[in-house]
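Peer 1: The structure that follows is given in the form of C-alpha cells.
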Amino acid sequence: MIVGESAKKIAGALNSINIEPSSIDAILITHEHSDHIKGISTFSKKYNVPVYANEKTWNAMNVQKEKIEKCNIKYFEFNKFNIGDLCILPFSIPHDAADPCGFNIFYENKKMSVATDIGHITTEIIDRLSNSSFILLEANYDNNVLKCSSYPYSLKQRIAGPNGHLSNDIAGKTISYLVEHGLNTVMLGHLSKENNFPELAYKTVVEQLMEKNIENNSFNLSVATRNCVSQIIDVS
C-alpha cells in the first residue's frame with residue numbers, strides 16, 4: 001500500500017471500504033520520496049504493521065525508521081519473498097531515489113504489478129510487466145500540459161528526464177504492447193495534479209489502444225482518484 005497520506009486519512013479510506021487498518025499484513029515501500037512514505041511510521045506503529053523496503057531505501061528513511069518498532073522493520077532483496085499467501089518479486093525502476101522498485105505480486109495463477117515513478121521504460125520493466133492480469137501503471141504528466149505549467153524549468157526537466165516520471169503517451173504505448181502479452185486490466189496512477197488531467201490520461205491511452213486496433217470494450221481501463229478511494233478491481 002502507498003502511505004503518502006497521513007495515517008488518519010489512510011485509515012479512514014480503508015474503513016470506507018470495510019477494511020480494518022489493523023488487518024493489513026504489510027506495507028511495501030517502492031522508494032523514500034515523501035509522497036510515498038508520509039504516513040508510514042504513524043500507521044505502522046498504531047496498527048502494528050510490518051514495513052518492507054530494500055536496504056538502500058531504509059538507509060534513506062532514517063527519520064521514519066527510528067519511529068517504527070524494530071520488529072516491524074523488514075528488509076528485502078531483489079528476489080522473491082512471501083507475505084502470507086502472496087509471493088512478491090521486486091524489480092528495479094529508473095527514478096531519482098536511493099534504490100527504487102516496482103513489484104510483481106503473485107497469488108495462485110494470477111500476476112499483478114505495481115509500476116509508478118518511472119523515468120523511462122526499459123526492457124527489464126517490460127519483461128516484469130508482461131503476463132500481468134492487472135497493472136497499476138504511472139501516467140504522471142501530459143507533455144503539452146507540462147510545457148505550459150507554472151513549474152520552474154529545472155523541475156520540468158527533472159519530471160520529463162530519464163529518472164523522472166512516465167508520460168501519458170509512453171504509458172499508452174506500454175499498455176498497448178502489454179495487452180498483447182496477457183494484460184486485460186490497468187489502473188493509471190500517480191497523475192500529477194498540475195501537469196495532467198484524469199480525462200486526458202484516459203483519452204491518450206485509449207487513442208494508443210485504437211492505433212493497435214484493440215477494442216476498448218474488451219479491456220478494463222480506469223484512473224486512480226486523488227482525493228477518495230478508487231474503484232475496487234477484481235482480478236479473481
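FYI, nothing fancy with the C-alpha cells labels: chains A, B, ... in order, residues from 1 per chain, ligands from 1 as they appear.
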Can you list, as a PyMOL selection string, every residue of range 55-202 of chain A that DSSP puts in strand (DSSP E)?

Peer 2: chain A and resi 73-75+81-83+86-92+101-107+110-115+134-138+185-189

Peer 1: Taking 3 positions as the minimum chain separation for residues in the same chain, which residues sit within 12 Å of Ser16 in chain A when counting only C-alpha atoms? Answer as a list in words.

Peer 2: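 Result of the neighbour search: Lys9, Ile10, Ala11, Gly12, Ala13, Ile19, Glu20, Pro21, Cys228, Val229, Ser230, Gln231 and Ile232 of chain A.
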
Peer 1: Return the single residue from A:Phe43, A:Phe81, A:Tyr52, A:Tyr202 that is closest to Lys67 in chain A, with distances computed using only C-alpha atoms.

Peer 2: A:Phe43

Peer 1: Give the answer as one residue: which of A:His120, A:Ala115, A:Glu32, A:Lys193 has the shortest atom-to-atom distance to Ser150 in chain A, using only C-alpha atoms?

Peer 2: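 Smallest distance to Ser150 in chain A is found for A:Lys193.
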
Peer 1: Which polymer residues have any atom within 10 Å of an atom of Asn79 in chain A, counting only C-alpha atoms, with same-chain residues fewer than 3 positions away left out, as a PyMOL selection string?

Peer 2: chain A and resi 76+88-91

Peer 1: Could you please determine the separation between CA of Thr116 in chain A and CA of Glu138 in chain A in Å, to one decimal place?

Peer 2: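 Atom-to-atom, CA of Thr116 in chain A and CA of Glu138 in chain A are spaced 4.5 Å apart.
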
Peer 1: If we count only C-alpha atoms, what is near Ile37 in chain A at a cut-off of 8 Å, once residues fewer than 2 positions away on the same chain are taken out, given as a ChimeraX atom specification?

Peer 2: /A:2-5,29,32-35,39-40

Peer 1: Looking at A:Lys212, A:Lys56, A:Lys74, A:Lys111, which one is nearest to Val235 in chain A, with distances taken over only C-alpha atoms?

Peer 2: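 Ranking A:Lys212, A:Lys56, A:Lys74, A:Lys111 by distance to Val235 in chain A, first place goes to A:Lys111.
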
Peer 1: So that I can check the surroundings of Lys110 in chain A, please list as a PDB file with N, CA, C and O atoms, in the first residue's frame every protein, DNA and RNA residue that reaches within 7 Å of it, counting only C-alpha atoms and ignoring chain neighbours fewer than 3 positions away.

Peer 2:
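What follows is the written file around33.pdb:
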```pdb
ATOM      1  N   PHE A 106       2.219 -12.168  -6.887  1.00  0.00           N
ATOM      2  CA  PHE A 106       1.651 -13.411  -7.401  1.00  0.00           C
ATOM      3  C   PHE A 106       0.718 -14.037  -6.370  1.00  0.00           C
ATOM      4  O   PHE A 106       1.053 -14.118  -5.180  1.00  0.00           O
ATOM      5  N   TYR A 107      -0.431 -14.466  -6.852  1.00  0.00           N
ATOM      6  CA  TYR A 107      -1.369 -15.205  -5.997  1.00  0.00           C
ATOM      7  C   TYR A 107      -2.019 -16.285  -6.851  1.00  0.00           C
ATOM      8  O   TYR A 107      -2.670 -15.988  -7.857  1.00  0.00           O
ATOM      9  N   SER A 133      -2.097  -9.839 -15.046  1.00  0.00           N
ATOM     10  CA  SER A 133      -3.541  -9.697 -15.203  1.00  0.00           C
ATOM     11  C   SER A 133      -3.978  -8.268 -14.929  1.00  0.00           C
ATOM     12  O   SER A 133      -4.925  -7.763 -15.527  1.00  0.00           O
TER      13      SER A 133
END
```

Peer 1: Which of these, A:Leu188, A:Ile93, A:Ile175, A:Ile68, has the shortest distance to Gly119 in chain A once you count only C-alpha atoms?

Peer 2: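 With only C-alpha atoms as the atom set, the closest residue is A:Ile93.
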
Peer 1: Once DSSP has gone over the backbone, tell me which residues of range 84-168 of chain A are in helix (DSSP H, G or I), as a list in words.

Peer 2: Thr123, Glu124, Ile125, Ile126, Asp127, Arg128, Leu129, Asn143, Asn144, Val145, Leu146, Lys147, Cys148, Tyr153, Ser154, Leu155, Lys156, Gln157, Arg158, Ile159, Ala160 and Asn168 of chain A

Peer 1: I'd like the neighbourhood of Trp58 in chain A as a list in words, where a residue qualifies if any of its atoms comes within 9 Å (using only C-alpha atoms), though same-chain residues fewer than 5 positions away should be ignored.

Peer 2: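 The neighbour list is His31, Glu32, Tyr52, Ala53, Gln64, Lys65, Ile73 and Tyr75 of chain A.
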
Peer 1: Find, counting only C-alpha atoms, the residue in A:Lys203, A:Lys156, A:Lys147, A:Lys80 that gets nearest to Asn168 in chain A.

Peer 2: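 Selected residue with least distance to Asn168 in chain A: A:Lys203.
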
Peer 1: Would you mind reading off the distance between CA of Ser176 in chain A and CA of Asp96 in chain A, one decimal, in Å?

Peer 2: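 Pair CA of Ser176 in chain A / CA of Asp96 in chain A returns 26.3 Å.
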
Peer 1: Nearest to Thr174 in chain A: which of A:His190, A:Val205, A:Asn144, A:Asn48 is it, counting only C-alpha atoms?

Peer 2: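 Among the listed residues, A:Val205 lies closest to Thr174 in chain A.
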
Peer 1: Would you mind reading off the distance between CA of Ser113 in chain A and CA of Cys87 in chain A, one decimal, in Å?

Peer 2: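 That distance, rounded to one decimal, is 11.6 Å.
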